[in-house]
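Enquirer: This is input_23.csv (CSV, C-alpha atoms).
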```
chain,number,residue,atom,x,y,z
R,1,MET,CA,0.0,0.0,0.0
R,2,LEU,CA,1.2,3.5,-0.8
R,3,LYS,CA,2.4,5.2,2.4
R,4,LYS,CA,0.3,8.3,1.9
R,5,PHE,CA,-2.9,6.2,2.0
R,6,GLU,CA,-2.1,3.7,4.8
R,7,ASN,CA,-3.8,5.8,7.5
R,8,LEU,CA,-7.1,6.1,5.6
R,9,PRO,CA,-10.0,4.3,7.2
R,10,LEU,CA,-12.0,1.5,5.7
R,11,ARG,CA,-15.5,2.4,4.4
R,12,ASP,CA,-18.5,0.8,6.1
R,13,GLY,CA,-20.2,-1.3,3.5
R,14,VAL,CA,-22.7,-4.0,2.9
R,15,GLY,CA,-23.1,-6.8,0.5
R,16,ILE,CA,-26.0,-9.0,-0.4
R,17,ILE,CA,-25.9,-12.5,-1.8
R,18,VAL,CA,-29.1,-13.2,-3.8
R,19,ILE,CA,-29.7,-16.9,-4.4
R,20,ASN,CA,-32.5,-18.1,-6.6
R,21,ASN,CA,-34.6,-21.3,-6.5
R,22,ASP,CA,-32.0,-23.1,-8.6
R,23,ASN,CA,-29.3,-22.2,-6.0
R,24,LYS,CA,-27.7,-19.8,-8.5
R,25,ILE,CA,-26.1,-16.6,-7.3
R,26,PHE,CA,-26.9,-13.1,-8.8
R,27,VAL,CA,-23.8,-11.3,-10.2
R,28,ALA,CA,-23.5,-8.2,-12.4
R,29,LYS,CA,-20.8,-6.5,-14.4
R,30,ARG,CA,-19.9,-2.9,-13.4
R,31,ILE,CA,-20.2,0.0,-15.8
R,32,ASP,CA,-16.9,1.5,-14.6
R,33,ASN,CA,-15.0,-1.8,-15.1
R,34,PRO,CA,-16.1,-3.4,-18.4
R,35,LYS,CA,-13.5,-6.2,-18.1
R,36,ASN,CA,-14.8,-9.7,-17.4
R,37,TYR,CA,-15.3,-9.2,-13.7
R,38,TRP,CA,-18.6,-9.7,-12.0
R,39,GLN,CA,-19.8,-8.9,-8.5
R,40,MET,CA,-22.7,-9.2,-6.1
R,41,PRO,CA,-24.7,-6.1,-5.1
R,42,GLN,CA,-22.9,-4.0,-2.5
R,43,GLY,CA,-22.5,-0.5,-1.4
R,44,GLY,CA,-22.0,2.0,1.4
R,45,VAL,CA,-23.9,2.5,4.6
R,46,ASP,CA,-25.5,5.9,5.1
R,47,SER,CA,-25.2,7.7,8.5
R,48,GLY,CA,-27.7,6.3,11.0
R,49,GLU,CA,-28.7,3.4,8.7
R,50,ASN,CA,-28.6,-0.2,10.0
R,51,TYR,CA,-26.7,-2.7,7.9
R,52,TYR,CA,-29.6,-4.8,6.7
R,53,GLN,CA,-31.6,-1.8,5.7
R,54,ALA,CA,-28.6,-0.5,3.8
R,55,ALA,CA,-28.2,-3.9,2.1
R,56,LEU,CA,-31.9,-3.8,1.0
R,57,ARG,CA,-31.6,-0.2,-0.2
R,58,GLU,CA,-28.5,-1.1,-2.2
R,59,LEU,CA,-30.1,-4.2,-3.7
R,60,GLU,CA,-33.1,-2.2,-4.9
R,61,GLU,CA,-31.0,0.8,-6.1
R,62,GLU,CA,-28.7,-1.5,-8.2
R,63,THR,CA,-31.1,-4.2,-9.4
R,64,SER,CA,-34.7,-3.2,-8.6
R,65,ILE,CA,-35.1,-6.5,-6.7
R,66,LYS,CA,-37.5,-6.3,-3.8
R,67,ASN,CA,-39.1,-9.7,-3.7
R,68,ILE,CA,-36.8,-11.5,-1.3
R,69,GLU,CA,-36.7,-13.5,1.9
R,70,PHE,CA,-34.0,-13.0,4.6
R,71,VAL,CA,-31.9,-16.1,5.0
R,72,LYS,CA,-28.8,-15.2,7.1
R,73,GLU,CA,-26.6,-12.5,8.3
R,74,ILE,CA,-23.0,-13.6,7.9
R,75,GLU,CA,-21.2,-13.3,11.2
R,76,GLY,CA,-18.6,-10.5,11.6
R,77,TYR,CA,-17.2,-8.3,8.9
R,78,ILE,CA,-15.2,-9.1,5.8
R,79,SER,CA,-12.7,-6.4,4.7
R,80,TYR,CA,-10.6,-5.7,1.6
R,81,GLU,CA,-8.1,-3.0,0.7
R,82,LEU,CA,-7.9,-1.4,-2.7
R,83,PRO,CA,-4.9,-2.0,-4.9
R,84,ASP,CA,-2.5,0.9,-5.2
R,85,TYR,CA,-3.8,2.0,-8.6
R,86,LEU,CA,-7.3,2.7,-7.2
R,87,LEU,CA,-6.2,4.4,-4.0
R,88,GLY,CA,-7.1,8.1,-3.9
R,89,ILE,CA,-9.5,7.6,-6.8
R,90,ILE,CA,-12.5,5.5,-5.6
R,91,TRP,CA,-14.8,7.0,-3.0
R,92,LYS,CA,-13.3,10.4,-3.6
R,93,GLY,CA,-10.0,9.2,-2.1
R,94,LYS,CA,-11.4,9.0,1.5
R,95,PHE,CA,-11.0,5.3,2.1
R,96,LYS,CA,-8.4,2.6,1.6
R,97,GLY,CA,-10.9,-0.2,1.3
R,98,GLN,CA,-14.1,-1.5,2.7
R,99,LYS,CA,-15.3,-3.3,5.9
R,100,GLN,CA,-18.4,-5.1,4.8
R,101,LYS,CA,-21.4,-6.8,6.5
R,102,TRP,CA,-22.9,-9.4,4.2
R,103,PHE,CA,-26.4,-10.9,4.1
R,104,ILE,CA,-27.9,-13.9,2.2
R,105,VAL,CA,-31.4,-13.6,0.8
R,106,LYS,CA,-33.5,-15.9,-1.3
R,107,PHE,CA,-34.9,-14.4,-4.5
R,108,LEU,CA,-38.7,-15.0,-4.6
R,109,GLY,CA,-39.5,-13.1,-7.8
R,110,ASN,CA,-39.2,-13.7,-11.5
R,111,ASP,CA,-36.2,-12.6,-13.6
R,112,SER,CA,-38.4,-10.0,-15.2
R,113,GLU,CA,-38.4,-8.1,-11.9
R,114,ILE,CA,-34.6,-7.5,-12.2
R,115,ASN,CA,-33.8,-4.2,-13.8
R,116,ILE,CA,-30.3,-2.8,-13.7
R,117,ASN,CA,-31.2,0.2,-15.9
R,118,THR,CA,-31.9,2.2,-12.8
R,119,LYS,CA,-31.8,6.0,-11.9
R,120,LYS,CA,-28.0,5.7,-11.4
R,121,PRO,CA,-27.0,2.5,-13.1
R,122,GLU,CA,-23.9,0.7,-11.7
R,123,PHE,CA,-24.2,-2.4,-13.9
R,124,PHE,CA,-24.6,-3.0,-17.6
R,125,LYS,CA,-25.1,-6.8,-17.5
R,126,TRP,CA,-26.2,-9.5,-15.1
R,127,LYS,CA,-26.6,-13.2,-14.8
R,128,TRP,CA,-27.1,-16.2,-12.4
R,129,ILE,CA,-24.0,-18.4,-11.8
R,130,ASP,CA,-23.2,-21.5,-9.8
R,131,VAL,CA,-21.7,-20.9,-6.4
R,132,GLY,CA,-18.5,-22.6,-7.5
R,133,GLN,CA,-18.0,-19.9,-10.2
R,134,LEU,CA,-17.9,-17.0,-7.7
R,135,THR,CA,-14.2,-16.9,-7.3
R,136,ASP,CA,-13.6,-17.3,-11.0
R,137,VAL,CA,-15.4,-14.1,-12.0
R,138,VAL,CA,-14.5,-11.6,-9.2
R,139,VAL,CA,-11.8,-8.8,-9.5
R,140,HIS,CA,-8.5,-9.9,-7.9
R,141,PHE,CA,-8.6,-7.6,-4.9
R,142,LYS,CA,-12.0,-9.0,-3.8
R,143,LEU,CA,-10.9,-12.6,-4.2
R,144,GLU,CA,-10.4,-13.4,-0.5
R,145,VAL,CA,-13.8,-11.8,0.3
R,146,TYR,CA,-15.5,-14.0,-2.3
R,147,LYS,CA,-13.8,-17.2,-1.1
R,148,LYS,CA,-15.2,-16.6,2.4
R,149,LEU,CA,-18.6,-15.8,1.0
R,150,GLN,CA,-18.5,-18.9,-1.3
R,151,HIS,CA,-17.8,-21.1,1.8
R,152,GLU,CA,-20.7,-19.5,3.7
R,153,ILE,CA,-23.1,-20.1,0.9
R,154,LYS,CA,-22.1,-23.7,0.4
R,155,ASN,CA,-22.6,-24.3,4.2
R,156,VAL,CA,-26.0,-22.5,4.4
R,157,PHE,CA,-27.4,-24.3,1.4
R,158,ASN,CA,-25.5,-27.6,1.7
R,159,ILE,CA,-23.9,-27.2,-1.7
R,160,SER,CA,-20.7,-29.1,-2.4
```
Could you render the structure as structure tokens?
Expert:
Amino acid sequence: MLKKFENLPLRDGVGIIVINNDNKIFVAKRIDNPKNYWQMPQGGVDSGENYYQAALRELEEETSIKNIEFVKEIEGYISYELPDYLLGIIWKGKFKGQKQKWFIVKFLGNDSEININTKKPEFFKWKWIDVGQLTDVVVHFKLEVYKKLQHEIKNVFNIS
């Protein structure tokens, strides 16, 4: 990490794992990174907002998904730090990474409910993938986060 950024705090964030009836995971491709990287919905926590409410807000803002059922809050926080080339750029340079609280929800709706062409779109493409593919599609600096999440999902849904 570049010395001038090492004292920056981690941003409080949330992430939400959306799993459908076929035990597939929702992922989307970010507009600001058109390479072949996919991620699950995630975002920041507003002042005074609880983590689960923030996760639901982010999910709806990014995907229009509302028709879900709470499954599990993943214990603790999962953190990552930005690579040097993104430090000072993302989040107006105020943070060196994120400390995230993650939730698992079951998607109860139809795919037609999913709309990533929102007021402030973050994604330009989405799909359902097998849990085993999560670590194959994620950007390198979030790999350890996704490995932990993949393990949690497999345990919760008894997927090998």
Enquirer: Find the distance between atom CA of R:Lys92 and atom CA of R:Ile17 and write it in Å to one decimal.
Expert: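 A separation of 26.2 Å between them.
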Enquirer: Nearest residue to R:Lys24 out of R:Tyr51, R:Lys94, R:Met40, R:Asn7, using all atoms listed in the file?
Expert: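 That would be R:Met40, the residue with the smallest distance to R:Lys24.
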Enquirer: If we draw a sphere of 6 Å around (-15.3, -9.2, 4.3), which residues have at least one atom in it when counting only C-alpha atoms? Please report them as a ChimeraX atom specification.
Expert: /R:77-79,100,145
Enquirer: Of the candidates R:Asp12, R:Glu73, R:Asp84, R:Asp32, which one gets nearest to R:Glu49 if we count only C-alpha atoms?
Expert: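 The shortest atom-to-atom distance to R:Glu49 comes from R:Asp12.
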Enquirer: For R:Leu8, please output as a list in words all residues within 8 Å (counting all atoms listed in the file; exclusion window: fewer than 3 positions along the same chain).
Expert: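 Selected residues are Phe5, Lys94, Phe95 and Lys96 of chain R.
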Enquirer: Which neighbours of R:Ile153 fall inside 10 Å, counting all atoms listed in the file, when residues of the same chain fewer than 3 positions from it are skipped, and could you give them as number ranges by chain?
Expert: R: 17, 19, 23, 25, 72, 74, 104, 131-132, 147-150, 156-160
Enquirer: Looking at R:Ile114, R:Val139, R:Leu56, R:Ile16, which one is nearest to R:Trp126, with distances taken over all atoms listed in the file?
Expert: R:Ile114
Enquirer: Tell me, in Å to one decimal, how far atom CA of R:Ser47 is from atom CA of R:Tyr80.
Expert: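 Separation between atom CA of R:Ser47 and atom CA of R:Tyr80: 21.0 Å.
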Enquirer: Find the residue from R:Lys142, R:Lys35, R:Lys127, R:Lys106 that sits nearest to R:Asn21; use only C-alpha atoms when measuring.
Expert: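 Using only C-alpha atoms, R:Asn21 sits closest to R:Lys106.
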Enquirer: Atom CA of R:Leu86 and atom CA of R:Thr63, how far apart in Å?
Expert: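 The value is 24.9 Å.
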Enquirer: Rank nothing, just name the residue among R:Leu87, R:Val45, R:Lys119, R:Ile31 nearest to R:Gly13, using only C-alpha atoms.
Expert: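 For R:Gly13, the nearest of the candidates is R:Val45.
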Enquirer: List the spatial neighbours of R:His140 as an mmCIF file with C-alpha atoms, in the frame of the given file - criterion: any atom at most 12 Å away, all atoms listed in the file, same-chain residues fewer than 3 positions off excluded.
Expert:
```cif
data_model
loop_
_atom_site.group_PDB
_atom_site.id
_atom_site.type_symbol
_atom_site.label_atom_id
_atom_site.label_comp_id
_atom_site.auth_asym_id
_atom_site.auth_seq_id
_atom_site.Cartn_x
_atom_site.Cartn_y
_atom_site.Cartn_z
ATOM 1 C CA LYS R 35 -13.500 -6.200 -18.100
ATOM 2 C CA ASN R 36 -14.800 -9.700 -17.400
ATOM 3 C CA TYR R 37 -15.300 -9.200 -13.700
ATOM 4 C CA TRP R 38 -18.600 -9.700 -12.000
ATOM 5 C CA GLN R 39 -19.800 -8.900 -8.500
ATOM 6 C CA TYR R 80 -10.600 -5.700 1.600
ATOM 7 C CA GLU R 81 -8.100 -3.000 0.700
ATOM 8 C CA LEU R 82 -7.900 -1.400 -2.700
ATOM 9 C CA PRO R 83 -4.900 -2.000 -4.900
ATOM 10 C CA LEU R 134 -17.900 -17.000 -7.700
ATOM 11 C CA THR R 135 -14.200 -16.900 -7.300
ATOM 12 C CA ASP R 136 -13.600 -17.300 -11.000
ATOM 13 C CA VAL R 137 -15.400 -14.100 -12.000
ATOM 14 C CA LEU R 143 -10.900 -12.600 -4.200
ATOM 15 C CA GLU R 144 -10.400 -13.400 -0.500
ATOM 16 C CA VAL R 145 -13.800 -11.800 0.300
ATOM 17 C CA TYR R 146 -15.500 -14.000 -2.300
ATOM 18 C CA LYS R 147 -13.800 -17.200 -1.100
#
```
Enquirer: Can I get a file of stretch 17-71 of chain R from the given structure, C-alpha atoms kept, as a PDB file, in the first residue's frame?
Expert:
```pdb
ATOM      1  CA  ILE R  17     -25.923 -12.493  -1.779  1.00  0.00           C
ATOM      2  CA  VAL R  18     -29.054 -13.176  -3.809  1.00  0.00           C
ATOM      3  CA  ILE R  19     -29.708 -16.860  -4.450  1.00  0.00           C
ATOM      4  CA  ASN R  20     -32.526 -18.131  -6.649  1.00  0.00           C
ATOM      5  CA  ASN R  21     -34.591 -21.340  -6.498  1.00  0.00           C
ATOM      6  CA  ASP R  22     -31.955 -23.149  -8.571  1.00  0.00           C
ATOM      7  CA  ASN R  23     -29.260 -22.219  -5.989  1.00  0.00           C
ATOM      8  CA  LYS R  24     -27.660 -19.835  -8.484  1.00  0.00           C
ATOM      9  CA  ILE R  25     -26.088 -16.566  -7.349  1.00  0.00           C
ATOM     10  CA  PHE R  26     -26.885 -13.142  -8.843  1.00  0.00           C
ATOM     11  CA  VAL R  27     -23.832 -11.307 -10.216  1.00  0.00           C
ATOM     12  CA  ALA R  28     -23.500  -8.230 -12.398  1.00  0.00           C
ATOM     13  CA  LYS R  29     -20.821  -6.463 -14.422  1.00  0.00           C
ATOM     14  CA  ARG R  30     -19.942  -2.910 -13.373  1.00  0.00           C
ATOM     15  CA  ILE R  31     -20.227  -0.035 -15.836  1.00  0.00           C
ATOM     16  CA  ASP R  32     -16.943   1.450 -14.564  1.00  0.00           C
ATOM     17  CA  ASN R  33     -15.027  -1.797 -15.148  1.00  0.00           C
ATOM     18  CA  PRO R  34     -16.103  -3.416 -18.417  1.00  0.00           C
ATOM     19  CA  LYS R  35     -13.496  -6.200 -18.147  1.00  0.00           C
ATOM     20  CA  ASN R  36     -14.752  -9.703 -17.427  1.00  0.00           C
ATOM     21  CA  TYR R  37     -15.317  -9.167 -13.696  1.00  0.00           C
ATOM     22  CA  TRP R  38     -18.627  -9.722 -11.963  1.00  0.00           C
ATOM     23  CA  GLN R  39     -19.774  -8.865  -8.462  1.00  0.00           C
ATOM     24  CA  MET R  40     -22.718  -9.240  -6.139  1.00  0.00           C
ATOM     25  CA  PRO R  41     -24.704  -6.135  -5.132  1.00  0.00           C
ATOM     26  CA  GLN R  42     -22.939  -4.047  -2.508  1.00  0.00           C
ATOM     27  CA  GLY R  43     -22.504  -0.493  -1.356  1.00  0.00           C
ATOM     28  CA  GLY R  44     -22.005   1.987   1.434  1.00  0.00           C
ATOM     29  CA  VAL R  45     -23.933   2.498   4.629  1.00  0.00           C
ATOM     30  CA  ASP R  46     -25.545   5.904   5.139  1.00  0.00           C
ATOM     31  CA  SER R  47     -25.193   7.683   8.461  1.00  0.00           C
ATOM     32  CA  GLY R  48     -27.688   6.258  10.987  1.00  0.00           C
ATOM     33  CA  GLU R  49     -28.700   3.393   8.679  1.00  0.00           C
ATOM     34  CA  ASN R  50     -28.598  -0.185   9.961  1.00  0.00           C
ATOM     35  CA  TYR R  51     -26.675  -2.696   7.889  1.00  0.00           C
ATOM     36  CA  TYR R  52     -29.600  -4.824   6.737  1.00  0.00           C
ATOM     37  CA  GLN R  53     -31.626  -1.756   5.684  1.00  0.00           C
ATOM     38  CA  ALA R  54     -28.557  -0.513   3.794  1.00  0.00           C
ATOM     39  CA  ALA R  55     -28.243  -3.891   2.056  1.00  0.00           C
ATOM     40  CA  LEU R  56     -31.909  -3.837   1.005  1.00  0.00           C
ATOM     41  CA  ARG R  57     -31.583  -0.244  -0.234  1.00  0.00           C
ATOM     42  CA  GLU R  58     -28.453  -1.051  -2.250  1.00  0.00           C
ATOM     43  CA  LEU R  59     -30.090  -4.160  -3.703  1.00  0.00           C
ATOM     44  CA  GLU R  60     -33.105  -2.196  -4.872  1.00  0.00           C
ATOM     45  CA  GLU R  61     -31.039   0.772  -6.132  1.00  0.00           C
ATOM     46  CA  GLU R  62     -28.738  -1.472  -8.162  1.00  0.00           C
ATOM     47  CA  THR R  63     -31.091  -4.237  -9.360  1.00  0.00           C
ATOM     48  CA  SER R  64     -34.721  -3.205  -8.610  1.00  0.00           C
ATOM     49  CA  ILE R  65     -35.051  -6.493  -6.669  1.00  0.00           C
ATOM     50  CA  LYS R  66     -37.544  -6.296  -3.796  1.00  0.00           C
ATOM     51  CA  ASN R  67     -39.121  -9.728  -3.740  1.00  0.00           C
ATOM     52  CA  ILE R  68     -36.772 -11.536  -1.338  1.00  0.00           C
ATOM     53  CA  GLU R  69     -36.719 -13.483   1.894  1.00  0.00           C
ATOM     54  CA  PHE R  70     -34.026 -13.014   4.552  1.00  0.00           C
ATOM     55  CA  VAL R  71     -31.884 -16.145   4.989  1.00  0.00           C
TER      56      VAL R  71
END
```
